[in-house]
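Engineer: This is the content of structure-v4.csv (CSV, C-alpha atoms):
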```
chain,number,residue,atom,x,y,z
A,1,MET,CA,15.6,0.2,14.0
A,2,ASP,CA,13.0,2.7,15.1
A,3,ALA,CA,13.3,3.7,18.7
A,4,CYS,CA,9.6,2.9,19.2
A,5,PHE,CA,10.4,-0.8,18.7
A,6,ASP,CA,12.2,-2.9,21.3
A,7,GLU,CA,14.2,-5.5,19.3
A,8,ASN,CA,14.0,-7.8,22.3
A,9,ILE,CA,10.2,-7.8,22.0
A,10,TRP,CA,9.4,-7.5,18.3
A,11,THR,CA,10.5,-10.3,16.0
A,12,LYS,CA,12.2,-9.4,12.7
A,13,LYS,CA,11.1,-11.5,9.7
A,14,THR,CA,11.7,-11.7,6.0
A,15,ILE,CA,8.6,-12.1,3.8
A,16,GLU,CA,9.3,-13.4,0.3
A,17,LYS,CA,7.6,-11.9,-2.7
A,18,GLY,CA,4.1,-13.4,-3.1
A,19,ARG,CA,3.9,-14.8,0.4
A,20,ILE,CA,0.6,-14.4,2.2
A,21,LEU,CA,0.9,-12.8,5.7
A,22,PHE,CA,-2.7,-13.6,6.6
A,23,LEU,CA,-5.9,-14.4,4.9
A,24,GLU,CA,-9.3,-12.8,5.2
A,25,GLY,CA,-11.2,-14.5,8.0
A,26,ASP,CA,-8.0,-15.7,9.8
A,27,PRO,CA,-7.7,-15.0,13.6
A,28,GLY,CA,-6.0,-11.7,14.2
A,29,ASP,CA,-3.2,-12.7,16.5
A,30,ASP,CA,-0.2,-10.6,15.2
A,31,ILE,CA,0.5,-7.1,14.1
A,32,TYR,CA,3.2,-6.3,11.5
A,33,TYR,CA,5.4,-3.2,11.1
A,34,ILE,CA,7.0,-2.8,7.6
A,35,LEU,CA,10.7,-2.0,7.6
A,36,GLU,CA,11.3,-2.6,3.9
A,37,GLY,CA,9.3,-3.7,0.8
A,38,ALA,CA,5.7,-3.5,-0.1
A,39,ILE,CA,2.5,-5.3,1.1
A,40,LYS,CA,-0.9,-5.2,-0.6
A,41,VAL,CA,-4.1,-5.6,1.4
A,42,PHE,CA,-7.1,-6.8,-0.6
A,43,ILE,CA,-10.5,-8.5,-0.6
A,44,LEU,CA,-12.1,-10.8,-3.2
A,45,ASP,CA,-15.4,-10.0,-4.7
A,46,SER,CA,-18.1,-12.5,-5.5
A,47,SER,CA,-16.5,-13.4,-8.8
A,48,GLY,CA,-13.1,-13.9,-7.2
A,49,ARG,CA,-11.6,-10.7,-8.4
A,50,GLU,CA,-9.1,-8.8,-6.2
A,51,ASN,CA,-10.0,-5.4,-4.9
A,52,ILE,CA,-6.9,-3.8,-3.4
A,53,LEU,CA,-7.7,-1.7,-0.3
A,54,ALA,CA,-4.2,-0.5,0.4
A,55,LEU,CA,-0.6,-0.6,-0.9
A,56,LEU,CA,1.6,-0.3,2.2
A,57,GLY,CA,5.4,0.4,2.5
A,58,PRO,CA,8.0,1.2,5.1
A,59,GLY,CA,6.6,2.8,8.2
A,60,ASP,CA,3.2,1.3,7.8
A,61,PHE,CA,1.4,-1.2,10.1
A,62,VAL,CA,-0.4,-4.3,8.8
A,63,GLY,CA,-3.0,-6.2,10.8
A,64,GLU,CA,-3.7,-3.5,13.4
A,65,MET,CA,-7.5,-3.7,13.2
A,66,SER,CA,-7.8,-7.3,14.3
A,67,ILE,CA,-5.2,-6.9,17.0
A,68,ILE,CA,-7.3,-4.1,18.4
A,69,ASP,CA,-10.9,-5.3,18.1
A,70,GLU,CA,-10.0,-9.0,18.4
A,71,LYS,CA,-12.1,-9.9,15.3
A,72,PRO,CA,-11.1,-12.1,12.3
A,73,ARG,CA,-9.0,-10.5,9.6
A,74,SER,CA,-11.1,-8.3,7.3
A,75,ALA,CA,-8.8,-8.7,4.3
A,76,THR,CA,-5.8,-10.6,3.0
A,77,ALA,CA,-2.3,-9.3,3.1
A,78,GLN,CA,0.4,-10.4,0.6
A,79,ALA,CA,4.0,-9.3,-0.1
A,80,LEU,CA,4.3,-7.5,-3.5
A,81,GLU,CA,8.1,-7.9,-3.2
A,82,LYS,CA,10.6,-9.3,-0.7
A,83,SER,CA,9.9,-7.4,2.5
A,84,GLN,CA,11.3,-7.0,6.0
A,85,VAL,CA,8.8,-6.7,8.9
A,86,LEU,CA,8.6,-6.6,12.6
A,87,VAL,CA,6.0,-8.9,14.2
A,88,LEU,CA,4.4,-8.8,17.6
A,89,ASN,CA,1.6,-11.0,19.1
A,90,ARG,CA,-1.5,-9.7,20.7
A,91,THR,CA,-0.4,-10.2,24.4
A,92,LEU,CA,2.9,-8.5,23.9
A,93,PHE,CA,1.3,-5.7,21.9
A,94,ALA,CA,-1.0,-4.8,24.8
A,95,SER,CA,1.9,-4.5,27.1
A,96,GLN,CA,3.9,-2.5,24.6
A,97,ILE,CA,1.1,0.0,24.2
A,98,LYS,CA,1.0,0.6,28.0
A,99,GLU,CA,4.8,1.0,28.2
A,100,ASN,CA,5.2,3.0,24.9
A,101,PRO,CA,2.1,5.1,24.1
A,102,SER,CA,3.9,6.5,21.1
A,103,ILE,CA,3.1,3.2,19.3
A,104,ALA,CA,-0.6,3.7,19.9
A,105,PHE,CA,-0.4,7.3,18.7
A,106,ARG,CA,1.4,6.2,15.5
A,107,ILE,CA,-1.3,3.6,14.8
A,108,ILE,CA,-4.0,6.2,15.3
A,109,GLN,CA,-2.3,8.5,12.8
A,110,ILE,CA,-2.0,5.7,10.2
A,111,LEU,CA,-5.7,4.7,10.7
A,112,VAL,CA,-6.8,8.3,10.2
A,113,GLU,CA,-4.6,8.7,7.1
A,114,ARG,CA,-6.0,5.4,5.6
A,115,LEU,CA,-9.6,6.5,6.3
A,116,ARG,CA,-9.0,9.8,4.4
A,117,LYS,CA,-7.4,7.9,1.5
A,118,THR,CA,-10.3,5.3,1.5
A,119,ASP,CA,-12.8,8.2,1.3
A,120,GLN,CA,-10.9,9.7,-1.7
A,121,GLN,CA,-10.6,6.3,-3.4
A,122,LEU,CA,-14.3,5.6,-3.1
A,123,LEU,CA,-15.1,9.1,-4.5
A,124,PHE,CA,-12.9,8.5,-7.5
A,125,GLN,CA,-14.3,5.1,-8.2
A,126,VAL,CA,-17.8,6.4,-8.2
A,127,CYS,CA,-17.5,9.8,-9.8
A,128,LYS,CA,-14.4,9.8,-12.0
A,129,THR,CA,-13.4,8.3,-15.3
A,130,ALA,CA,-11.2,5.2,-15.7
A,131,ARG,CA,-8.3,7.4,-16.8
A,132,GLN,CA,-8.6,9.6,-13.7
A,133,ARG,CA,-8.9,6.5,-11.4
A,134,VAL,CA,-5.7,4.9,-12.9
A,135,GLY,CA,-4.0,8.3,-12.8
A,136,LYS,CA,-4.9,8.7,-9.1
A,137,ALA,CA,-3.6,5.3,-8.3
A,138,ILE,CA,-0.3,6.1,-10.0
A,139,LEU,CA,-0.1,9.4,-8.0
A,140,ASP,CA,-0.7,7.4,-4.8
A,141,LEU,CA,2.2,5.1,-5.7
A,142,ALA,CA,4.4,8.0,-6.5
A,143,GLU,CA,3.7,9.5,-3.0
A,144,LYS,CA,4.3,6.2,-1.2
A,145,PHE,CA,7.1,4.6,-3.2
A,146,GLY,CA,8.5,7.4,-5.3
A,147,ARG,CA,12.0,8.9,-5.3
A,148,ASN,CA,13.4,11.8,-7.3
A,149,THR,CA,15.6,10.9,-10.3
A,150,ASP,CA,16.9,12.9,-13.3
A,151,GLU,CA,14.0,11.5,-15.4
A,152,GLY,CA,11.3,12.3,-12.9
A,153,ILE,CA,9.7,10.5,-9.9
A,154,LEU,CA,10.6,6.8,-10.0
A,155,ILE,CA,8.0,4.5,-8.5
A,156,ASN,CA,10.4,2.1,-6.9
A,157,LEU,CA,7.9,-0.8,-7.0
A,158,ARG,CA,7.3,-3.2,-9.9
A,159,ILE,CA,3.5,-3.3,-9.9
A,160,THR,CA,1.6,-5.4,-12.4
A,161,HIS,CA,-1.2,-4.0,-14.6
A,162,GLN,CA,-3.5,-6.4,-12.7
A,163,ASP,CA,-2.6,-5.0,-9.3
A,164,LEU,CA,-2.9,-1.4,-10.7
A,165,ALA,CA,-6.4,-2.3,-12.0
A,166,ALA,CA,-7.4,-3.9,-8.7
A,167,TYR,CA,-6.3,-0.7,-6.9
A,168,SER,CA,-8.0,1.6,-9.3
A,169,GLY,CA,-11.3,-0.3,-9.5
A,170,VAL,CA,-11.1,-0.9,-13.3
A,171,ALA,CA,-10.5,-4.0,-15.6
A,172,ARG,CA,-7.0,-5.0,-16.3
A,173,GLU,CA,-7.3,-4.3,-20.0
A,174,THR,CA,-8.5,-0.8,-19.1
A,175,ALA,CA,-5.5,-0.2,-16.8
A,176,THR,CA,-3.2,-1.3,-19.5
A,177,ARG,CA,-4.8,1.0,-22.0
A,178,MET,CA,-4.6,4.0,-19.6
A,179,VAL,CA,-0.9,3.3,-18.8
A,180,GLN,CA,-0.2,3.2,-22.5
A,181,ASP,CA,-2.0,6.5,-23.0
A,182,PHE,CA,0.1,8.1,-20.3
A,183,LEU,CA,3.2,6.6,-22.0
A,184,ASN,CA,2.2,8.0,-25.4
A,185,SER,CA,1.6,11.4,-23.8
A,186,ASN,CA,5.2,11.3,-22.3
A,187,LEU,CA,3.7,11.6,-18.8
A,188,LEU,CA,5.1,8.2,-17.9
A,189,LYS,CA,8.2,6.2,-18.7
A,190,ILE,CA,9.2,2.7,-17.9
A,191,ASN,CA,12.8,2.0,-16.8
A,192,PRO,CA,14.7,-1.2,-17.6
A,193,LYS,CA,13.5,-2.8,-14.4
A,194,ASN,CA,9.8,-2.3,-15.5
A,195,CYS,CA,9.2,0.4,-12.9
A,196,LEU,CA,7.1,3.5,-13.7
A,197,ILE,CA,8.6,7.0,-13.9
A,198,VAL,CA,6.3,10.0,-13.6
A,199,THR,CA,8.2,12.5,-15.8
A,200,ASP,CA,6.5,15.6,-14.5
A,201,LEU,CA,4.6,15.2,-11.3
A,202,GLU,CA,2.7,18.5,-11.4
A,203,GLU,CA,1.7,18.1,-15.1
A,204,PHE,CA,0.6,14.5,-14.3
A,205,ARG,CA,-1.5,15.7,-11.3
A,206,MET,CA,-3.1,18.5,-13.4
A,207,THR,CA,-4.0,15.8,-16.1
A,208,VAL,CA,-5.6,13.6,-13.5
A,209,PHE,CA,-7.6,16.3,-11.6
A,210,GLU,CA,-8.5,18.5,-14.6
```
Can you present the structure in this file as structure tokens?

Structural biologist:
Amino acid sequence: MDACFDENIWTKKTIEKGRILFLEGDPGDDIYYILEGAIKVFILDSSGRENILALLGPGDFVGEMSIIDEKPRSATAQALEKSQVLVLNRTLFASQIKENPSIAFRIIQILVERLRKTDQQLLFQVCKTARQRVGKAILDLAEKFGRNTDEGILINLRITHQDLAAYSGVARETATRMVQDFLNSNLLKINPKNCLIVTDLEEFRMTVFE
């Protein structure tokens, strides 16, 4: 366990795949720190379609905004796969911040990083083609969940085309078509567990940002 987290204060929990951690509009009483797994954070538009704001993994916090500003949850958080998290309620969080400022500093770092990525994501959704948007989403996943293998960068997360579309800001059919295009170009592979492999990261990046 990370030295920043006192196991006598934080509660370790297992979150099963598909389980909702909290819903948009819920009271923000707890903060979560991800040890293992993947959590998606999303909102629903007026038609009920998901728009994924963030895909989070080990080392990320979830629910930090509401725990700080004491406002209702601004989005919904759901486990994309079985995950291990540490949980802390608002009262204990305030005392932990005072006793361990490194937690506050880490949250600030994460918030700044997410703000930068949100700015980039908005720019891509407004100015770029569907192929570039889906490609950028795959690069983000490779950065967050990727590991080196003999075949390339394995994205160690089974993400559906629907989730990829919701993260890219395109229709599911479009995301499926773009993934197939990358597969046909040998820029992507799919392993037996249905995880994506980026065969050549630099070539893929050049293709996306050309």

Engineer: Do you have, as JSON lines, the list of residues of region 27-109 of chain A lying at most 8 Å from region 135-155 of chain A, each with its nearest atom pair and that distance in Å to one decimal, counting all atoms listed in the file and ordered by chain then number?

Structural biologist:
```
{"residue": "A:Leu55", "atom": "CA", "partner": "A:Leu141", "partner_atom": "CA", "distance": 8.0}
{"residue": "A:Leu56", "atom": "CA", "partner": "A:Lys144", "partner_atom": "CA", "distance": 7.8}
{"residue": "A:Gly57", "atom": "CA", "partner": "A:Lys144", "partner_atom": "CA", "distance": 7.0}
```

Engineer: Which of these, A:Gly169, A:Pro72, A:Pro101, A:Gly28, has the shortest distance to Arg131 (chain A) once you count all atoms listed in the file?

Structural biologist: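 Looking at the shortest contact to Arg131 (chain A), the residue is A:Gly169.
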
Engineer: Any idea what's packed within 10 Å of Ser66 (chain A), counting all atoms listed in the file, ignoring anything in its chain fewer than 6 positions away? Could you give it as number ranges by chain?

Structural biologist: A: 26-31, 72-74, 90

Engineer: Hey, what's within 7 Å of region 9-13 of chain A if we count only C-alpha atoms and toss same-chain stuff fewer than 5 positions away? As a ChimeraX atom specification, please?

Structural biologist: /A:84-88

Engineer: In the coordinate frame of the file, compute which residues have an atom within 6 Å of (5.8, -11.2, 1.1) when using all atoms listed in the file, and state them as a list in words.

Structural biologist: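 Those within range, by chain then number, are Ile15, Glu16, Lys17, Gly18, Arg19, Gln78, Ala79, Glu81, Lys82 and Ser83 of chain A.
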
Engineer: One decimal, in Å: what's the spacing between CA of Val170 (chain A) and CA of Val134 (chain A)?

Structural biologist: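 We find that CA of Val170 (chain A) and CA of Val134 (chain A) lie 7.9 Å from each other.
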
Engineer: Near Leu111 (chain A), within 9 Å and counting all atoms listed in the file, which residues show up once chain neighbours fewer than 5 positions away are dropped, as a ChimeraX atom specification?

Structural biologist: /A:64-65,106,116

Engineer: Mind pulling up the distance from CA of Ala77 (chain A) to CA of Leu23 (chain A)?

Structural biologist: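 That distance, rounded to one decimal, is 6.5 Å.
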
Engineer: So how many Å separate CA of Ile43 (chain A) and CA of Ala166 (chain A), to one decimal?

Structural biologist: 9.8 Å

Engineer: With distances taken over all atoms listed in the file, which of A:Lys193, A:Ile52, A:Gln96, A:Val41 is nearest to Gln162 (chain A)?

Structural biologist: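 For Gln162 (chain A), the nearest of the candidates is A:Ile52.
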
Engineer: Quick one: residues within 12 Å of Phe182 (chain A), all atoms listed in the file, excluding same-chain residues fewer than 5 positions away - as a PDB file with C-alpha atoms, in the coordinates of the input?

Structural biologist:
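Wrote result-v7.pdb, looks like this:
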```pdb
ATOM      1  CA  ARG A 131      -8.300   7.400 -16.800  1.00  0.00           C
ATOM      2  CA  GLN A 132      -8.600   9.600 -13.700  1.00  0.00           C
ATOM      3  CA  VAL A 134      -5.700   4.900 -12.900  1.00  0.00           C
ATOM      4  CA  GLY A 135      -4.000   8.300 -12.800  1.00  0.00           C
ATOM      5  CA  ILE A 138      -0.300   6.100 -10.000  1.00  0.00           C
ATOM      6  CA  ALA A 175      -5.500  -0.200 -16.800  1.00  0.00           C
ATOM      7  CA  THR A 176      -3.200  -1.300 -19.500  1.00  0.00           C
ATOM      8  CA  ARG A 177      -4.800   1.000 -22.000  1.00  0.00           C
ATOM      9  CA  LEU A 187       3.700  11.600 -18.800  1.00  0.00           C
ATOM     10  CA  LEU A 188       5.100   8.200 -17.900  1.00  0.00           C
ATOM     11  CA  LYS A 189       8.200   6.200 -18.700  1.00  0.00           C
ATOM     12  CA  ILE A 190       9.200   2.700 -17.900  1.00  0.00           C
ATOM     13  CA  LEU A 196       7.100   3.500 -13.700  1.00  0.00           C
ATOM     14  CA  ILE A 197       8.600   7.000 -13.900  1.00  0.00           C
ATOM     15  CA  VAL A 198       6.300  10.000 -13.600  1.00  0.00           C
ATOM     16  CA  THR A 199       8.200  12.500 -15.800  1.00  0.00           C
ATOM     17  CA  ASP A 200       6.500  15.600 -14.500  1.00  0.00           C
ATOM     18  CA  GLU A 203       1.700  18.100 -15.100  1.00  0.00           C
ATOM     19  CA  PHE A 204       0.600  14.500 -14.300  1.00  0.00           C
ATOM     20  CA  ARG A 205      -1.500  15.700 -11.300  1.00  0.00           C
ATOM     21  CA  THR A 207      -4.000  15.800 -16.100  1.00  0.00           C
ATOM     22  CA  VAL A 208      -5.600  13.600 -13.500  1.00  0.00           C
TER      23      VAL A 208
END
```

Engineer: From the set A:Arg114, A:Arg172, A:His161, A:Lys128, which residue has the shortest atom-to-atom contact distance to Glu210 (chain A), counting only C-alpha atoms?

Structural biologist: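 With only C-alpha atoms as the atom set, the closest residue is A:Lys128.
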
Engineer: Could you check which of A:Leu80, A:Ile159, A:Met206, A:Ile34 is closest to Ile20 (chain A), using all atoms listed in the file?

Structural biologist: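 Among the listed residues, the smallest separation from Ile20 (chain A) belongs to A:Leu80.
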